[in-house]
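J.: Have a peek at run06.cif (mmCIF, C-alpha atoms).
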```
data_upload
loop_
_atom_site.label_atom_id
_atom_site.label_comp_id
_atom_site.auth_asym_id
_atom_site.auth_seq_id
_atom_site.Cartn_x
_atom_site.Cartn_y
_atom_site.Cartn_z
CA MET A 1 16.55 41.75 6.10
CA MET A 2 14.93 38.74 7.73
CA GLY A 3 12.51 39.04 10.64
CA LYS A 4 13.69 38.41 14.16
CA THR A 5 14.07 34.75 15.02
CA LYS A 6 14.21 33.42 18.55
CA MET A 7 17.62 32.02 19.33
CA ARG A 8 18.58 29.17 21.62
CA LYS A 9 21.80 29.25 23.58
CA PHE A 10 23.26 26.00 24.85
CA ASP A 11 25.40 25.41 27.95
CA SER A 12 28.42 25.11 25.67
CA GLY A 13 27.83 28.64 24.38
CA ALA A 14 26.69 27.45 20.94
CA THR A 15 23.62 29.12 19.49
CA ARG A 16 20.95 28.00 17.05
CA SER A 17 17.71 29.43 15.82
CA ASP A 18 14.55 28.17 17.46
CA ASP A 19 13.12 24.99 15.91
CA PHE A 20 9.49 26.03 16.36
CA GLY A 21 7.41 25.10 13.31
CA ARG A 22 10.04 22.77 11.84
CA LEU A 23 9.20 19.17 11.07
CA ASP A 24 10.22 16.90 13.94
CA TYR A 25 11.01 13.61 12.21
CA GLU A 26 12.70 12.26 15.32
CA GLY A 27 9.50 12.74 17.28
CA PHE A 28 7.02 11.85 14.54
CA LEU A 29 8.57 8.53 13.52
CA SER A 30 9.32 5.34 15.43
CA PRO A 31 12.70 3.72 14.72
CA LEU A 32 11.24 0.42 15.92
CA VAL A 33 8.42 0.59 13.36
CA LEU A 34 10.72 1.76 10.56
CA GLN A 35 13.15 -1.09 11.25
CA ARG A 36 10.34 -3.70 11.16
CA TYR A 37 9.00 -2.13 7.96
CA ALA A 38 12.46 -2.21 6.33
CA GLU A 39 12.80 -5.89 7.31
CA TYR A 40 9.43 -6.60 5.68
CA LEU A 41 10.41 -4.75 2.49
CA ASN A 42 13.78 -6.48 2.34
CA LYS A 43 12.11 -9.88 2.67
CA HIS A 44 9.76 -9.05 -0.22
CA ARG A 45 12.51 -7.86 -2.58
CA VAL A 46 12.91 -11.45 -3.78
CA GLN A 47 10.80 -11.87 -6.92
CA ALA A 48 8.96 -14.98 -8.09
CA ASP A 49 11.80 -15.76 -10.53
CA GLY A 50 14.36 -15.58 -7.70
CA GLY A 51 15.75 -12.21 -8.78
CA LEU A 52 16.22 -9.34 -6.38
CA ARG A 53 14.35 -6.11 -7.15
CA ALA A 54 15.83 -2.74 -6.26
CA SER A 55 14.70 -1.37 -2.91
CA ASP A 56 13.22 1.70 -4.60
CA ASN A 57 11.53 -0.25 -7.42
CA TRP A 58 8.07 0.79 -6.21
CA GLN A 59 8.97 4.44 -6.79
CA LYS A 60 9.01 3.82 -10.57
CA GLY A 61 5.22 3.95 -10.39
CA ILE A 62 2.47 1.50 -9.57
CA PRO A 63 -1.15 2.28 -10.48
CA ILE A 64 -3.09 3.53 -7.48
CA VAL A 65 -5.84 1.00 -8.12
CA VAL A 66 -3.26 -1.74 -7.42
CA TYR A 67 -2.35 -0.07 -4.13
CA MET A 68 -6.04 0.32 -3.20
CA LYS A 69 -6.91 -3.31 -3.89
CA SER A 70 -3.88 -4.48 -1.95
CA MET A 71 -4.67 -2.15 0.96
CA TRP A 72 -8.12 -3.70 1.26
CA ARG A 73 -6.76 -7.26 1.18
CA HIS A 74 -4.20 -6.52 3.87
CA PHE A 75 -6.67 -4.55 5.97
CA MET A 76 -9.02 -7.54 5.88
CA GLU A 77 -6.13 -9.82 6.92
CA LEU A 78 -5.33 -7.53 9.82
CA TRP A 79 -8.95 -7.19 10.89
CA ALA A 80 -9.55 -10.94 10.73
CA GLY A 81 -6.35 -11.49 12.70
CA HIS A 82 -7.36 -8.89 15.24
CA ARG A 83 -10.68 -10.63 15.81
CA SER A 84 -9.39 -14.20 15.77
CA GLY A 85 -6.21 -13.69 17.74
CA VAL A 86 -3.71 -14.80 15.09
CA SER A 87 -0.05 -14.46 15.87
CA ASN A 88 1.58 -11.11 16.42
CA GLU A 89 3.95 -11.89 13.52
CA ASN A 90 1.03 -12.26 11.08
CA LYS A 91 -0.46 -8.97 12.24
CA GLN A 92 2.93 -7.27 11.83
CA GLU A 93 3.16 -8.59 8.26
CA ALA A 94 -0.33 -7.27 7.47
CA LEU A 95 0.48 -3.89 9.02
CA CYS A 96 3.74 -3.61 7.06
CA ALA A 97 1.88 -4.52 3.85
CA LEU A 98 -0.68 -1.83 4.63
CA LEU A 99 2.08 0.69 5.30
CA PHE A 100 3.71 -0.17 1.97
CA ASN A 101 0.46 0.39 0.09
CA VAL A 102 -0.40 3.59 1.98
CA MET A 103 3.06 5.02 1.28
CA GLY A 104 2.90 3.96 -2.37
CA TYR A 105 -0.55 5.47 -2.87
CA LEU A 106 0.52 8.72 -1.23
CA HIS A 107 3.75 8.73 -3.26
CA GLU A 108 1.71 8.54 -6.47
CA LEU A 109 -0.68 11.26 -5.31
CA LEU A 110 2.19 13.59 -4.44
CA ASN A 111 4.16 12.95 -7.63
CA ASN A 112 1.67 12.21 -10.40
CA THR A 113 -1.49 14.19 -9.78
CA ASP A 114 -2.67 14.35 -13.43
CA MET A 115 -1.91 10.68 -14.07
CA VAL A 116 -3.68 9.66 -10.88
CA LYS A 117 -6.79 11.70 -11.76
CA ALA A 118 -6.98 10.06 -15.19
CA GLU A 119 -6.45 6.62 -13.67
CA MET A 120 -9.15 7.13 -11.05
CA LYS A 121 -11.62 8.34 -13.68
CA SER A 122 -10.98 5.37 -16.00
CA ASP A 123 -11.10 2.87 -13.12
CA VAL A 124 -14.52 4.09 -11.97
CA SER A 125 -15.98 4.04 -15.49
CA GLY A 126 -14.55 0.55 -16.05
CA LEU A 127 -16.12 -0.78 -12.87
CA GLN A 128 -19.48 0.74 -13.76
CA LYS A 129 -19.45 -1.04 -17.14
CA MET A 130 -18.50 -4.42 -15.67
CA LYS A 131 -21.46 -6.75 -15.34
CA LEU A 132 -20.64 -9.93 -13.43
CA CYS A 133 -22.59 -13.13 -13.03
CA SER A 134 -23.04 -14.30 -9.43
CA GLY A 135 -20.18 -16.82 -9.73
CA CYS A 136 -17.70 -14.21 -10.90
CA HIS A 137 -18.96 -11.74 -8.30
CA GLN A 138 -18.35 -14.33 -5.58
CA HIS A 139 -14.89 -14.97 -7.01
CA LEU A 140 -14.05 -11.26 -6.76
CA LEU A 141 -15.23 -11.17 -3.16
CA ARG A 142 -13.24 -14.27 -2.24
CA SER A 143 -10.16 -12.82 -3.95
CA ALA A 144 -10.53 -9.57 -2.04
CA PHE A 145 -10.69 -11.48 1.22
CA GLY A 146 -7.71 -13.68 0.44
CA LYS A 147 -9.45 -17.00 -0.27
CA ASN A 148 -8.54 -17.30 -3.98
CA ARG A 149 -5.08 -15.77 -4.10
CA SER A 150 -3.40 -18.88 -5.44
CA LYS A 151 -5.94 -19.54 -8.18
CA PRO A 152 -4.15 -19.06 -11.50
CA GLY A 153 -5.74 -16.63 -13.91
CA GLY A 154 -7.92 -14.83 -11.37
CA LEU A 155 -11.20 -13.47 -12.72
CA GLN A 156 -10.46 -14.57 -16.29
CA ALA A 157 -10.08 -18.20 -15.20
CA GLN A 158 -13.24 -17.89 -13.10
CA CYS A 159 -15.22 -16.52 -16.06
CA LYS A 160 -14.12 -19.41 -18.25
CA GLU A 161 -15.21 -21.90 -15.57
CA CYS A 162 -18.36 -20.14 -14.44
CA CYS A 163 -19.78 -18.46 -17.52
CA LYS A 164 -18.36 -20.72 -20.21
CA ASP A 165 -18.56 -17.78 -22.61
CA TYR A 166 -15.98 -15.49 -20.97
CA LYS A 167 -17.89 -12.21 -21.37
CA HIS A 168 -16.16 -10.19 -18.66
CA LYS A 169 -13.06 -8.17 -19.43
#
```
What's the structure tokens form of this structure?
T.:
Amino acid sequence: MMGKTKMRKFDSGATRSDDFGRLDYEGFLSPLVLQRYAEYLNKHRVQADGGLRASDNWQKGIPIVVYMKSMWRHFMELWAGHRSGVSNENKQEALCALLFNVMGYLHELLNNTDMVKAEMKSDVSGLQKMKLCSGCHQHLLRSAFGKNRSKPGGLQAQCKECCKDYKHK
């Protein structure tokens, strides 16, 4: 036999158990924010080749290091926009991008704990082994802050230009 539960009685005579302790999605979430976020995601479903990715494509799994790097880029965009007074639309885009990465990171943590632990361990050891010349280090910083996003090849192209011997992997 279950313990006593407080009951609610409505003017109509209908009864329901008390909702104390239950998750209140209606109160916790903003339909305005969720709509803007869905618009952002829908806009970004179009891939570079013109194809349309499934709305739940991200749930197939993206490495958390990808989410983390993207979170930092979009946070820096938002912060710079906050300080410089860029348009509200640009700040909304940065916030939606942050929300995507936060949700993706949390999704991976909740669903793939062992994989995430292994990934985090290998990412840290890989970063500790990486030795960068000052040119490549500057390239990484500029990339993180959005200045080199369009440069083809990223760090590999920078190493070839800067170091001429392409040591970094």
J.: Quick one: pull the distance between atom CA of Leu29 of chain A and atom CA of His107 of chain A, Å, one decimal.
T.: 17.5 Å
J.: If the PyMOL selection byres ((chain A and resi 78) around 10) is run on the structure shown, which residues does it catch, given as a PyMOL selection string?
T.: chain A and resi 72-77+79-84+86+90-95+97-98
J.: Could you tell me, as a list in words, which residues have any atom at most 9 Å from (11.7, 26.2, 20.2), counting all atoms listed in the file?
T.: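 So the residues meeting the distance criterion are Lys6, Met7, Arg8, Ser17, Asp18, Asp19, Phe20 and Gly21 of chain A.
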J.: Have a look at atom CA of Tyr67 of chain A and atom CA of Tyr105 of chain A and let me know their distance in Å, one decimal.
T.: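 Calculated distance between atom CA of Tyr67 of chain A and atom CA of Tyr105 of chain A is 6.0 Å.
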J.: For Val116 of chain A, which of A:Glu89, A:Gly61, A:Leu23, A:Asp49 is the closest residue, counting all atoms listed in the file?
T.: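 Looking only at the distances to Val116 of chain A, the closest residue turns out to be A:Gly61.
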J.: Go ahead and compute the interatomic distance for atom CA of Pro31 of chain A and atom CA of Ser70 of chain A, in Å to one decimal.
T.: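 According to the coordinates, atom CA of Pro31 of chain A and atom CA of Ser70 of chain A are separated by 24.9 Å.
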J.: Check which residues satisfy the PyMOL selection byres ((chain A and resi 43) around 12) in the file shown, then give them as JSON, numbers by chain.
T.: {"A": [36, 37, 38, 39, 40, 41, 42, 44, 45, 46, 47, 52, 53, 55, 93, 96, 97]}
J.: Restricting the calculation to all atoms listed in the file, which member of A:Leu109, A:Val102, A:Met71, A:Val65 is positioned closest to Lys121 of chain A?
T.: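 Residue with the minimum atom-to-atom distance to Lys121 of chain A: A:Val65.
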